[in-house]
$ cat my_file26.pdb   # PDB, C-alpha atoms
ATOM      1  CA  MET B 405     -63.625 -73.412-129.761
ATOM      2  CA  ARG B 406     -60.661 -74.330-131.931
ATOM      3  CA  LEU B 407     -60.359 -74.161-135.719
ATOM      4  CA  LEU B 408     -57.571 -75.738-137.779
ATOM      5  CA  VAL B 409     -57.043 -74.695-141.414
ATOM      6  CA  ARG B 410     -55.201 -77.029-143.779
ATOM      7  CA  ALA B 411     -53.798 -74.952-146.632
ATOM      8  CA  ASP B 412     -50.403 -74.509-148.263
ATOM      9  CA  ALA B 413     -48.794 -71.694-150.245
ATOM     10  CA  SER B 414     -45.764 -71.568-152.533
ATOM     11  CA  VAL B 415     -44.611 -70.032-155.802
ATOM     12  CA  ASP B 416     -46.283 -72.862-157.728
ATOM     13  CA  ILE B 417     -49.363 -73.255-155.516
ATOM     14  CA  GLY B 418     -49.889 -69.511-155.207
ATOM     15  CA  MET B 419     -51.181 -67.534-152.231
ATOM     16  CA  GLY B 420     -54.901 -67.705-152.937
ATOM     17  CA  HIS B 421     -55.735 -70.613-150.622
ATOM     18  CA  ARG B 422     -54.016 -68.965-147.685
ATOM     19  CA  VAL B 423     -55.462 -65.508-148.361
ATOM     20  CA  ARG B 424     -59.082 -66.618-148.511
ATOM     21  CA  CYS B 425     -58.650 -68.818-145.443
ATOM     22  CA  GLN B 426     -57.188 -65.839-143.588
ATOM     23  CA  ALA B 427     -60.366 -63.910-144.421
ATOM     24  CA  LEU B 428     -62.435 -66.700-142.887
ATOM     25  CA  MET B 429     -60.170 -66.993-139.837
ATOM     26  CA  HIS B 430     -60.514 -63.256-139.214
ATOM     27  CA  VAL B 431     -64.273 -63.625-138.704
ATOM     28  CA  PHE B 432     -63.971 -66.790-136.623
ATOM     29  CA  THR B 433     -61.420 -65.054-134.393
ATOM     30  CA  ALA B 434     -63.857 -62.170-133.904
ATOM     31  CA  LEU B 435     -66.448 -64.768-132.858
ATOM     32  CA  GLY B 436     -64.107 -66.034-130.144
ATOM     33  CA  TRP B 437     -62.487 -69.001-131.880
ATOM     34  CA  GLN B 438     -58.807 -69.953-131.645
ATOM     35  CA  CYS B 439     -57.537 -70.383-135.216
ATOM     36  CA  GLN B 440     -54.349 -71.882-136.646
ATOM     37  CA  PHE B 441     -52.940 -73.021-139.991
ATOM     38  CA  ALA B 442     -51.574 -76.536-140.518
ATOM     39  CA  VAL B 443     -48.917 -76.330-143.243
ATOM     40  CA  ASP B 444     -46.803 -78.983-144.950
ATOM     41  CA  ARG B 445     -43.238 -78.482-143.742
ATOM     42  CA  ARG B 446     -42.044 -78.422-147.368
ATOM     43  CA  TYR B 447     -43.755 -75.034-147.739
ATOM     44  CA  HIS B 448     -42.497 -73.463-144.533
ATOM     45  CA  ALA B 449     -41.037 -70.519-146.496
ATOM     46  CA  PHE B 450     -44.586 -69.257-147.067
ATOM     47  CA  SER B 451     -45.822 -70.018-143.562
ATOM     48  CA  ALA B 452     -46.078 -67.823-140.455
ATOM     49  CA  PRO B 453     -44.302 -68.440-137.127
ATOM     50  CA  GLU B 454     -47.571 -69.350-135.427
ATOM     51  CA  ASP B 455     -48.459 -72.037-138.014
ATOM     52  CA  CYS B 456     -48.280 -75.712-137.145
ATOM     53  CA  LEU B 457     -45.915 -77.519-139.555
ATOM     54  CA  VAL B 458     -46.818 -81.147-140.313
ATOM     55  CA  GLU B 459     -44.575 -83.857-141.698
ATOM     56  CA  THR B 460     -47.138 -86.567-142.533
ATOM     57  CA  GLU B 461     -50.832 -87.000-143.179
ATOM     58  CA  GLU B 462     -51.121 -89.088-140.031
ATOM     59  CA  ALA B 463     -49.744 -86.181-138.004
ATOM     60  CA  PHE B 464     -52.383 -83.912-139.516
ATOM     61  CA  TRP B 465     -55.132 -86.449-138.735
ATOM     62  CA  TRP B 466     -54.045 -86.448-135.102
ATOM     63  CA  LEU B 467     -54.240 -82.647-134.973
ATOM     64  CA  ALA B 468     -57.594 -82.626-136.753
ATOM     65  CA  ALA B 469     -59.108 -84.890-134.117
ATOM     66  CA  THR B 470     -58.104 -82.496-131.305
ATOM     67  CA  VAL B 471     -59.997 -79.415-132.604
ATOM     68  CA  ASP B 472     -63.660 -78.538-133.071
ATOM     69  CA  LEU B 473     -63.572 -77.660-136.781
ATOM     70  CA  VAL B 474     -61.221 -78.296-139.711
ATOM     71  CA  VAL B 475     -61.189 -76.154-142.856
ATOM     72  CA  LEU B 476     -59.616 -77.898-145.854
ATOM     73  CA  ASP B 477     -58.499 -75.775-148.817
ATOM     74  CA  HIS B 478     -56.135 -78.007-150.753
ATOM     75  CA  TYR B 479     -56.276 -79.326-154.327
ATOM     76  CA  ASP B 480     -53.981 -82.279-153.572
ATOM     77  CA  TYR B 481     -56.782 -83.900-151.561
ATOM     78  CA  ASN B 482     -58.914 -86.192-153.723
ATOM     79  CA  ALA B 483     -62.242 -87.711-152.659
ATOM     80  CA  ASP B 484     -60.602 -90.636-150.846
ATOM     81  CA  ASP B 485     -58.236 -88.308-148.970
ATOM     82  CA  ILE B 486     -61.145 -86.138-147.852
ATOM     83  CA  ALA B 487     -63.104 -89.200-146.759
ATOM     84  CA  ALA B 488     -60.126 -90.349-144.675
ATOM     85  CA  LEU B 489     -59.866 -86.949-143.009
ATOM     86  CA  TYR B 490     -63.628 -86.958-142.362
ATOM     87  CA  GLN B 491     -63.233 -90.154-140.345
ATOM     88  CA  HIS B 492     -60.958 -88.283-137.957
ATOM     89  CA  GLN B 493     -62.909 -84.999-137.928
ATOM     90  CA  PRO B 494     -66.544 -84.969-139.177
ATOM     91  CA  ASN B 495     -66.859 -81.242-138.472
ATOM     92  CA  LEU B 496     -65.176 -80.561-141.793
ATOM     93  CA  LEU B 497     -65.539 -77.568-144.120
ATOM     94  CA  VAL B 498     -64.133 -78.211-147.602
ATOM     95  CA  LEU B 499     -63.338 -75.257-149.866
ATOM     96  CA  ASP B 500     -63.639 -76.117-153.545
ATOM     97  CA  ASP B 501     -63.578 -74.461-156.976
ATOM     98  CA  MET B 502     -63.659 -77.095-159.716
ATOM     99  CA  ASN B 503     -66.137 -79.720-158.443
ATOM    100  CA  ASP B 504     -64.007 -82.406-160.095
ATOM    101  CA  ARG B 505     -62.991 -84.613-157.167
ATOM    102  CA  GLY B 506     -65.991 -86.920-157.188
ATOM    103  CA  ASP B 507     -68.211 -87.833-154.242
ATOM    104  CA  PHE B 508     -66.823 -87.108-150.770
ATOM    105  CA  PRO B 509     -68.309 -86.498-147.310
ATOM    106  CA  ALA B 510     -68.190 -83.204-145.413
ATOM    107  CA  LYS B 511     -70.292 -81.304-142.920
ATOM    108  CA  TRP B 512     -70.013 -78.140-145.055
ATOM    109  CA  LEU B 513     -68.894 -77.403-148.610
ATOM    110  CA  LEU B 514     -68.009 -73.896-149.775
ATOM    111  CA  ASN B 515     -67.716 -72.971-153.442
ATOM    112  CA  PRO B 516     -68.146 -69.356-154.639
ATOM    113  CA  LEU B 517     -69.442 -70.718-157.944
ATOM    114  CA  ASP B 518     -72.879 -72.143-158.677
ATOM    115  CA  GLU B 519     -72.150 -75.863-158.417
ATOM    116  CA  HIS B 520     -74.107 -78.858-157.139
ATOM    117  CA  TYR B 521     -72.691 -81.655-155.003
ATOM    118  CA  SER B 522     -73.916 -85.021-153.749
ATOM    119  CA  ASP B 523     -75.937 -85.668-150.599
ATOM    120  CA  SER B 524     -72.730 -86.829-148.878
ATOM    121  CA  ILE B 525     -72.284 -83.165-147.985
ATOM    122  CA  GLU B 526     -74.677 -82.019-145.283
ATOM    123  CA  SER B 527     -74.677 -78.285-146.083
ATOM    124  CA  GLN B 528     -73.669 -76.667-149.373
ATOM    125  CA  LEU B 529     -72.643 -73.001-149.339
ATOM    126  CA  THR B 530     -72.410 -72.217-153.037
ATOM    127  CA  GLY B 531     -72.549 -69.032-155.083
ATOM    128  CA  SER B 532     -70.683 -65.724-155.218
ATOM    129  CA  GLN B 533     -72.401 -64.509-152.023
ATOM    130  CA  PHE B 534     -70.023 -66.874-150.207
ATOM    131  CA  ALA B 535     -66.798 -65.611-151.819
ATOM    132  CA  LEU B 536     -64.204 -65.170-149.069
ATOM    133  CA  LEU B 537     -62.825 -61.636-149.206
ATOM    134  CA  ARG B 538     -60.609 -59.840-146.742
ATOM    135  CA  PRO B 539     -62.267 -57.391-144.309
ATOM    136  CA  VAL B 540     -61.057 -54.327-146.251
ATOM    137  CA  PHE B 541     -63.510 -55.192-149.023
ATOM    138  CA  THR B 542     -66.473 -54.623-146.721
ATOM    139  CA  GLN B 543     -65.074 -51.173-145.875
ATOM    140  CA  GLN B 544     -64.440 -49.833-149.356
ATOM    141  CA  LYS B 545     -63.096 -46.317-149.388
ATOM    142  CA  THR B 546     -64.867 -43.739-151.534
ATOM    143  CA  ILE B 547     -62.704 -42.322-154.318
ATOM    144  CA  HIS B 548     -63.886 -38.928-155.521
ATOM    145  CA  THR B 549     -61.940 -38.978-158.792
ATOM    146  CA  LEU B 550     -62.804 -41.044-161.844
ATOM    147  CA  PRO B 551     -60.869 -44.307-162.120
ATOM    148  CA  GLU B 552     -58.168 -43.891-164.763
ATOM    149  CA  LYS B 553     -55.621 -46.658-164.203
ATOM    150  CA  LEU B 554     -55.007 -50.032-165.798
ATOM    151  CA  LEU B 555     -54.192 -52.244-162.814
ATOM    152  CA  ILE B 556     -51.903 -55.200-163.540
ATOM    153  CA  THR B 557     -51.898 -57.850-160.817
ATOM    154  CA  LEU B 558     -50.925 -61.458-161.504
ATOM    155  CA  GLY B 559     -51.420 -62.820-158.009
ATOM    156  CA  GLY B 560     -49.202 -63.301-154.999
ATOM    157  CA  THR B 561     -46.544 -65.264-156.903
ATOM    158  CA  ASP B 562     -47.197 -64.653-160.638
ATOM    159  CA  PRO B 563     -46.381 -68.346-161.304
ATOM    160  CA  LEU B 564     -45.921 -67.975-165.073
ATOM    161  CA  ALA B 565     -43.964 -64.700-164.760
ATOM    162  CA  LEU B 566     -46.386 -62.850-167.036
ATOM    163  CA  THR B 567     -46.129 -59.339-165.584
ATOM    164  CA  LEU B 568     -42.969 -58.338-167.441
ATOM    165  CA  PRO B 569     -43.978 -59.589-170.924
ATOM    166  CA  ILE B 570     -47.409 -57.981-170.511
ATOM    167  CA  LEU B 571     -45.780 -54.649-169.640
ATOM    168  CA  GLN B 572     -43.430 -54.937-172.594
ATOM    169  CA  ALA B 573     -46.322 -55.701-174.963
ATOM    170  CA  LEU B 574     -48.351 -52.779-173.618
ATOM    171  CA  LEU B 575     -45.498 -50.361-174.297
ATOM    172  CA  ILE B 576     -45.005 -51.752-177.808
ATOM    173  CA  SER B 577     -48.734 -51.151-178.416
ATOM    174  CA  LYS B 578     -48.253 -47.498-177.334
ATOM    175  CA  PHE B 579     -50.449 -47.862-174.274
ATOM    176  CA  PRO B 580     -49.831 -44.772-172.093
ATOM    177  CA  THR B 581     -47.383 -45.610-169.297
ATOM    178  CA  GLU B 582     -48.887 -42.973-167.010
ATOM    179  CA  SER B 583     -52.131 -44.979-166.981
ATOM    180  CA  ILE B 584     -50.491 -48.207-165.777
ATOM    181  CA  GLN B 585     -50.394 -49.327-162.138
ATOM    182  CA  VAL B 586     -48.525 -52.553-161.372
ATOM    183  CA  LEU B 587     -49.218 -54.529-158.204
ATOM    184  CA  LEU B 588     -46.754 -57.295-157.341
ATOM    185  CA  GLY B 589     -47.270 -59.958-154.717
ATOM    186  CA  GLY B 590     -44.620 -60.440-152.087
ATOM    187  CA  GLY B 591     -43.435 -63.672-153.737
ATOM    188  CA  ALA B 592     -43.801 -62.652-157.385
ATOM    189  CA  LYS B 593     -41.482 -64.256-159.908
ATOM    190  CA  GLN B 594     -39.037 -61.884-161.640
ATOM    191  CA  ALA B 595     -39.998 -59.142-159.193
ATOM    192  CA  GLU B 596     -36.605 -57.415-159.458
ATOM    193  CA  LYS B 597     -36.828 -57.319-163.255
ATOM    194  CA  VAL B 598     -40.358 -55.919-163.109
ATOM    195  CA  LEU B 599     -39.378 -53.248-160.578
ATOM    196  CA  SER B 600     -36.402 -52.246-162.712
ATOM    197  CA  PHE B 601     -38.526 -52.095-165.883
ATOM    198  CA  CYS B 602     -41.132 -49.937-164.146
ATOM    199  CA  GLU B 603     -38.464 -47.554-162.861
ATOM    200  CA  GLU B 604     -36.890 -47.238-166.315
ATOM    201  CA  ASN B 605     -40.246 -46.475-167.919
ATOM    202  CA  SER B 606     -41.812 -44.339-165.152
ATOM    203  CA  ILE B 607     -44.554 -46.881-164.447
ATOM    204  CA  ALA B 608     -46.231 -46.845-161.029
ATOM    205  CA  VAL B 609     -45.564 -50.053-159.099
ATOM    206  CA  ALA B 610     -46.304 -51.376-155.603
ATOM    207  CA  GLN B 611     -45.397 -54.678-153.970
ATOM    208  CA  GLY B 612     -46.739 -56.709-151.068
ATOM    209  CA  LEU B 613     -49.565 -54.364-150.036
ATOM    210  CA  SER B 614     -51.813 -55.531-147.200
ATOM    211  CA  ASP B 615     -54.675 -53.365-148.482
ATOM    212  CA  VAL B 616     -55.131 -53.389-152.252
ATOM    213  CA  THR B 617     -58.539 -51.688-152.315
ATOM    214  CA  PRO B 618     -57.191 -48.150-152.949
ATOM    215  CA  LEU B 619     -55.440 -49.340-156.112
ATOM    216  CA  MET B 620     -58.500 -51.291-157.247
ATOM    217  CA  ALA B 621     -60.700 -48.264-156.599
ATOM    218  CA  GLN B 622     -58.510 -46.218-158.955
ATOM    219  CA  ALA B 623     -58.670 -48.863-161.699
ATOM    220  CA  LYS B 624     -60.647 -48.178-164.841
ATOM    221  CA  MET B 625     -59.770 -51.718-165.961
ATOM    222  CA  ALA B 626     -57.498 -54.525-164.792
ATOM    223  CA  ILE B 627     -55.334 -57.323-166.087
ATOM    224  CA  SER B 628     -55.362 -60.049-163.465
ATOM    225  CA  ALA B 629     -54.890 -63.700-162.695
ATOM    226  CA  ALA B 630     -58.244 -65.403-162.222
ATOM    227  CA  GLY B 631     -57.936 -66.791-158.706
ATOM    228  CA  GLY B 632     -59.428 -65.158-155.634
ATOM    229  CA  THR B 633     -58.630 -61.753-157.120
ATOM    230  CA  LEU B 634     -61.508 -62.324-159.539
ATOM    231  CA  PHE B 635     -63.993 -61.927-156.708
ATOM    232  CA  GLU B 636     -62.114 -58.946-155.249
ATOM    233  CA  LEU B 637     -62.215 -57.110-158.591
ATOM    234  CA  ALA B 638     -65.885 -57.990-159.005
ATOM    235  CA  CYS B 639     -66.618 -56.570-155.553
ATOM    236  CA  MET B 640     -64.805 -53.351-156.526
ATOM    237  CA  GLY B 641     -66.595 -53.198-159.897
ATOM    238  CA  VAL B 642     -63.439 -53.303-162.038
ATOM    239  CA  PRO B 643     -63.878 -54.613-165.618
ATOM    240  CA  THR B 644     -61.056 -57.081-166.166
ATOM    241  CA  VAL B 645     -59.193 -59.114-168.751
ATOM    242  CA  PHE B 646     -58.129 -62.247-166.888
ATOM    243  CA  ALA B 647     -55.030 -64.288-167.577
ATOM    244  CA  GLN B 648     -55.816 -67.890-166.692
ATOM    245  CA  VAL B 649     -52.600 -69.240-165.201
ATOM    246  CA  VAL B 650     -53.768 -72.543-163.653
ATOM    247  CA  ASP B 651     -56.388 -75.143-164.532
ATOM    248  CA  ASN B 652     -58.446 -74.615-161.361
ATOM    249  CA  GLN B 653     -59.502 -71.172-162.632
ATOM    250  CA  THR B 654     -61.443 -72.731-165.522
ATOM    251  CA  ARG B 655     -64.846 -73.016-163.834
ATOM    252  CA  SER B 656     -64.870 -69.472-162.468
ATOM    253  CA  LEU B 657     -64.109 -68.037-165.897
ATOM    254  CA  GLU B 658     -66.693 -70.293-167.552
ATOM    255  CA  GLN B 659     -69.308 -68.792-165.243
ATOM    256  CA  HIS B 660     -68.152 -65.166-165.152
ATOM    257  CA  VAL B 661     -67.052 -64.362-168.725
ATOM    258  CA  PRO B 662     -70.592 -64.950-170.138
ATOM    259  CA  LEU B 663     -71.874 -62.324-167.675
ATOM    260  CA  ASP B 664     -69.888 -59.815-169.779
ATOM    261  CA  TRP B 665     -68.060 -58.000-167.007
ATOM    262  CA  CYS B 666     -64.740 -59.631-167.892
ATOM    263  CA  ARG B 667     -62.755 -61.306-170.650
ATOM    264  CA  SER B 668     -60.110 -64.012-170.448
ATOM    265  CA  VAL B 669     -57.031 -65.362-172.212
ATOM    266  CA  ARG B 670     -55.708 -68.782-171.251
ATOM    267  CA  PHE B 671     -52.009 -69.360-170.554
ATOM    268  CA  ASP B 672     -51.844 -72.558-168.499
ATOM    269  CA  ASN B 673     -52.549 -74.979-171.345
ATOM    270  CA  VAL B 674     -49.946 -73.772-173.862
ATOM    271  CA  PRO B 675     -46.155 -74.295-174.003
ATOM    272  CA  GLU B 676     -43.899 -71.460-172.937
ATOM    273  CA  ASP B 677     -42.974 -70.528-176.525
ATOM    274  CA  VAL B 678     -46.661 -69.861-177.301
ATOM    275  CA  ARG B 679     -47.289 -67.625-174.299
ATOM    276  CA  GLN B 680     -46.009 -64.523-176.069
ATOM    277  CA  GLN B 681     -48.764 -64.889-178.663
ATOM    278  CA  ARG B 682     -51.306 -65.102-175.844
ATOM    279  CA  VAL B 683     -49.778 -62.008-174.215
ATOM    280  CA  GLU B 684     -50.323 -60.110-177.459
ATOM    281  CA  LEU B 685     -53.935 -61.329-177.611
ATOM    282  CA  LEU B 686     -54.494 -60.148-174.044
ATOM    283  CA  VAL B 687     -53.027 -56.705-174.753
ATOM    284  CA  GLU B 688     -55.123 -56.434-177.909
ATOM    285  CA  GLU B 689     -58.238 -57.180-175.830
ATOM    286  CA  VAL B 690     -57.310 -54.507-173.288
ATOM    287  CA  ASN B 691     -56.675 -51.885-175.947
ATOM    288  CA  GLY B 692     -59.979 -52.743-177.605
ATOM    289  CA  ARG B 693     -61.895 -52.194-174.348
ATOM    290  CA  TRP B 694     -59.945 -49.257-172.899
ATOM    291  CA  PHE B 695     -62.054 -46.601-174.639
ATOM    292  CA  ASP B 696     -65.335 -48.565-174.601
ATOM    293  CA  ILE B 697     -66.894 -46.528-171.785
ATOM    294  CA  GLU B 698     -70.378 -47.954-172.305
ATOM    295  CA  TRP B 699     -69.139 -51.526-171.845
ATOM    296  CA  GLN B 700     -67.093 -50.499-168.814
ATOM    297  CA  LYS B 701     -70.136 -48.983-167.116
ATOM    298  CA  LYS B 702     -72.304 -52.048-167.723
ATOM    299  CA  ALA B 703     -69.498 -54.377-166.724
ATOM    300  CA  SER B 704     -68.891 -52.518-163.467
ATOM    301  CA  ILE B 705     -72.562 -52.642-162.491
ATOM    302  CA  MET B 706     -72.765 -56.356-163.267
ATOM    303  CA  ALA B 707     -69.577 -57.140-161.331
ATOM    304  CA  ARG B 708     -70.711 -55.286-158.201
ATOM    305  CA  SER B 709     -74.043 -57.102-158.267
ATOM    306  CA  LEU B 710     -72.257 -60.446-157.943
ATOM    307  CA  VAL B 711     -70.030 -59.967-154.874
ATOM    308  CA  ASP B 712     -70.752 -57.763-151.847
ATOM    309  CA  GLY B 713     -67.664 -58.683-149.817
ATOM    310  CA  ASP B 714     -69.596 -60.189-146.902
ATOM    311  CA  GLY B 715     -69.081 -63.850-147.780
ATOM    312  CA  ALA B 716     -66.678 -64.660-144.944
ATOM    313  CA  ASN B 717     -69.192 -63.327-142.418
ATOM    314  CA  ARG B 718     -71.970 -65.441-143.914
ATOM    315  CA  VAL B 719     -69.906 -68.613-143.837
ATOM    316  CA  ALA B 720     -68.448 -68.151-140.341
ATOM    317  CA  LYS B 721     -71.760 -67.173-138.767
ATOM    318  CA  THR B 722     -73.559 -70.082-140.423
ATOM    319  CA  ILE B 723     -71.048 -72.559-139.046
ATOM    320  CA  ASN B 724     -70.735 -70.843-135.674
ATOM    321  CA  SER B 725     -74.510 -71.133-135.189
ATOM    322  CA  TYR B 726     -74.216 -74.921-135.528
ATOM    323  CA  PHE B 727     -71.897 -75.009-132.504
ATOM    324  CA  SER B 728     -74.023 -72.507-130.585
ATOM    325  CA  VAL B 729     -77.144 -74.656-130.620
ATOM    326  CA  PRO B 730     -77.588 -76.363-127.178
TER     327      PRO B 730
END
$ encode --input "my_file26.pdb" --output "structure tokens"
Amino acid sequence: MRLLVRADASVDIGMGHRVRCQALMHVFTALGWQCQFAVDRRYHAFSAPEDCLVETEEAFWWLAATVDLVVLDHYDYNADDIAALYQHQPNLLVLDDMNDRGDFPAKWLLNPLDEHYSDSIESQLTGSQFALLRPVFTQQKTIHTLPEKLLITLGGTDPLALTLPILQALLISKFPTESIQVLLGGGAKQAEKVLSFCEENSIAVAQGLSDVTPLMAQAKMAISAAGGTLFELACMGVPTVFAQVVDNQTRSLEQHVPLDWCRSVRFDNVPEDVRQQRVELLVEEVNGRWFDIEWQKKASIMARSLVDGDGANRVAKTINSYFSVP
């Protein structure tokens, strides 16, 4: 059986689509499927050698018709685009977050939020139990010391370059540098400046890690972008102040912040000259929660109850069973 994943990654798009699709592909591969990404040639810098680069939508349609299953994780596809793809490959799994594209057909729909879609979709896999996490999150390592770090991770690319101003604001607020752990993605903006700042101020920093669970396990709290990392931090039970950096993170924060395991500050809807004020608000929120041990305990319990890390297995096995039926 052959699976084709349509997803792109770039500094502006981020790495989240690719990362969660890789988690799904890992399980399908274990089930005996042959899996491959289809990537727009414009984003080849963030592709892998084994990916199939496509020039046009027609070229992708042709590929889609030659495989058994297509996974679509792409915000540039509106309802009409999805319907056109469905005509070429009805065995279509659409990954969604915002539920704002209108009515479209698909065999399966996956959204880790509690959303409802039309009857045009045959099977709806919705809720945090279907969050696609990498295999390491189902094999969490036990840490025998109390978490004591503030983990700062703004995604694979840090599209708004927030890591450095957040660090600067934390130091101005007298937050202890020995309690800070920075995690940079491989394509993070201003990475060299961040690395230099961390070295000058004796701040722990890591970049491009394949397994982030040890750092998350050591985190008492986190500052994070609110993409797929939201579900990873929930799985690890880390109370978090999220920086919303793109519009498609709105729904997840609307559903998770009221559960009181996280807070959020929005950056994507303000001009660049206002972001510094938002950075200061975010740092104020962190400082206000850093010593609130009671809230941290309740928040951690709530977060862990939402995501168990087994979502990719649930999704892949559900779909695989469809093809296994005689």
$ resolve_selection --input "my_file26.pdb" --expression "the PyMOL selection byres ((chain B and resi 475) around 9)" --output "list in words"
Leu407, Leu408, Val409, Arg410, Ala411, Cys425, Leu473, Val474, Leu476, Asp477, Asn495, Leu496, Leu497, Val498 and Leu499 of chain B
$ atom_distance --input "my_file26.pdb" --atom1 "atom CA of B:Gly531" --atom2 "atom CA of B:Asp416"
26.7 Å
$ residues_around --input "my_file26.pdb" --residues "B:Ala469" --least-positions-apart "6" --cutoff "12 Å" --atoms "only C-alpha atoms" --output "ChimeraX atom specification"
/B:406-408,462-463,488-496
$ closest_residue --input "my_file26.pdb" --among "B:Phe450, B:Gly692, B:Arg505, B:Glu582" --to "B:Thr561" --atoms "all atoms listed in the file"
B:Phe450
$ atom_distance --input "my_file26.pdb" --atom1 "atom CA of B:Thr617" --atom2 "atom CA of B:Leu554"
14.0 Å
$ resolve_selection --input "my_file26.pdb" --expression "the PyMOL selection byres ((chain B and resi 459) around 6)" --output "number ranges by chain"
B: 445, 458, 460
$ atom_distance --input "my_file26.pdb" --atom1 "atom CA of B:Thr433" --atom2 "atom CA of B:Glu519"
28.4 Å
$ resolve_selection --input "my_file26.pdb" --expression "the PyMOL selection byres ((chain B and resi 568-580) around 10)" --output "ChimeraX atom specification"
/B:553-554,556,565-567,581-584,586,593-595,597-599,601-602,605,607,627,679-680,682-688,690-691,694
$ residues_around --input "my_file26.pdb" --residues "B:Thr530" --least-positions-apart "2" --cutoff "10 Å" --atoms "all atoms listed in the file" --output "PDB file with C-alpha atoms, in the coordinates of the input"
ATOM      1  CA  ASP B 500     -63.639 -76.117-153.545  1.00  0.00           C
ATOM      2  CA  ASP B 501     -63.578 -74.461-156.976  1.00  0.00           C
ATOM      3  CA  LEU B 513     -68.894 -77.403-148.610  1.00  0.00           C
ATOM      4  CA  LEU B 514     -68.009 -73.896-149.775  1.00  0.00           C
ATOM      5  CA  ASN B 515     -67.716 -72.971-153.442  1.00  0.00           C
ATOM      6  CA  PRO B 516     -68.146 -69.356-154.639  1.00  0.00           C
ATOM      7  CA  LEU B 517     -69.442 -70.718-157.944  1.00  0.00           C
ATOM      8  CA  ASP B 518     -72.879 -72.143-158.677  1.00  0.00           C
ATOM      9  CA  GLU B 519     -72.150 -75.863-158.417  1.00  0.00           C
ATOM     10  CA  HIS B 520     -74.107 -78.858-157.139  1.00  0.00           C
ATOM     11  CA  TYR B 521     -72.691 -81.655-155.003  1.00  0.00           C
ATOM     12  CA  SER B 527     -74.677 -78.285-146.083  1.00  0.00           C
ATOM     13  CA  GLN B 528     -73.669 -76.667-149.373  1.00  0.00           C
ATOM     14  CA  SER B 532     -70.683 -65.724-155.218  1.00  0.00           C
ATOM     15  CA  GLN B 533     -72.401 -64.509-152.023  1.00  0.00           C
ATOM     16  CA  PHE B 534     -70.023 -66.874-150.207  1.00  0.00           C
ATOM     17  CA  ALA B 535     -66.798 -65.611-151.819  1.00  0.00           C
TER      18      ALA B 535
END
$ residues_around --input "my_file26.pdb" --residues "B:Glu552" --least-positions-apart "2" --cutoff "12 Å" --atoms "all atoms listed in the file" --output "PDB file with C-alpha atoms, keeping the file's coordinate frame"
ATOM      1  CA  ILE B 547     -62.704 -42.322-154.318  1.00  0.00           C
ATOM      2  CA  HIS B 548     -63.886 -38.928-155.521  1.00  0.00           C
ATOM      3  CA  THR B 549     -61.940 -38.978-158.792  1.00  0.00           C
ATOM      4  CA  LEU B 550     -62.804 -41.044-161.844  1.00  0.00           C
ATOM      5  CA  LEU B 554     -55.007 -50.032-165.798  1.00  0.00           C
ATOM      6  CA  LEU B 555     -54.192 -52.244-162.814  1.00  0.00           C
ATOM      7  CA  PRO B 580     -49.831 -44.772-172.093  1.00  0.00           C
ATOM      8  CA  THR B 581     -47.383 -45.610-169.297  1.00  0.00           C
ATOM      9  CA  GLU B 582     -48.887 -42.973-167.010  1.00  0.00           C
ATOM     10  CA  SER B 583     -52.131 -44.979-166.981  1.00  0.00           C
ATOM     11  CA  ILE B 584     -50.491 -48.207-165.777  1.00  0.00           C
ATOM     12  CA  GLN B 585     -50.394 -49.327-162.138  1.00  0.00           C
ATOM     13  CA  LEU B 619     -55.440 -49.340-156.112  1.00  0.00           C
ATOM     14  CA  MET B 620     -58.500 -51.291-157.247  1.00  0.00           C
ATOM     15  CA  ALA B 621     -60.700 -48.264-156.599  1.00  0.00           C
ATOM     16  CA  GLN B 622     -58.510 -46.218-158.955  1.00  0.00           C
ATOM     17  CA  ALA B 623     -58.670 -48.863-161.699  1.00  0.00           C
ATOM     18  CA  LYS B 624     -60.647 -48.178-164.841  1.00  0.00           C
ATOM     19  CA  MET B 625     -59.770 -51.718-165.961  1.00  0.00           C
ATOM     20  CA  ALA B 626     -57.498 -54.525-164.792  1.00  0.00           C
ATOM     21  CA  VAL B 642     -63.439 -53.303-162.038  1.00  0.00           C
ATOM     22  CA  TRP B 694     -59.945 -49.257-172.899  1.00  0.00           C
ATOM     23  CA  PHE B 695     -62.054 -46.601-174.639  1.00  0.00           C
ATOM     24  CA  ILE B 697     -66.894 -46.528-171.785  1.00  0.00           C
ATOM     25  CA  GLN B 700     -67.093 -50.499-168.814  1.00  0.00           C
TER      26      GLN B 700
END
$ closest_residue --input "my_file26.pdb" --among "B:Ile417, B:Val609, B:Asp412, B:Glu636" --to "B:Gly560" --atoms "all atoms listed in the file"
B:Ile417
$ closest_atom_pairs --input "my_file26.pdb" --of "stretch 417-532 of chain B" --to "stretch 725-728 of chain B" --cutoff "12 Å" --atoms "only C-alpha atoms" --output "CSV"
residue,atom,partner,partner_atom,distance
B:Phe432,CA,B:Ser725,CA,11.5
B:Leu435,CA,B:Ser725,CA,10.5
B:Gly436,CA,B:Ser728,CA,11.8
B:Trp437,CA,B:Phe727,CA,11.2
B:Asp472,CA,B:Phe727,CA,9.0
B:Leu473,CA,B:Phe727,CA,9.7
B:Asn495,CA,B:Phe727,CA,10.0
B:Lys511,CA,B:Tyr726,CA,10.5
B:Trp512,CA,B:Tyr726,CA,10.9
B:Ser527,CA,B:Tyr726,CA,11.1
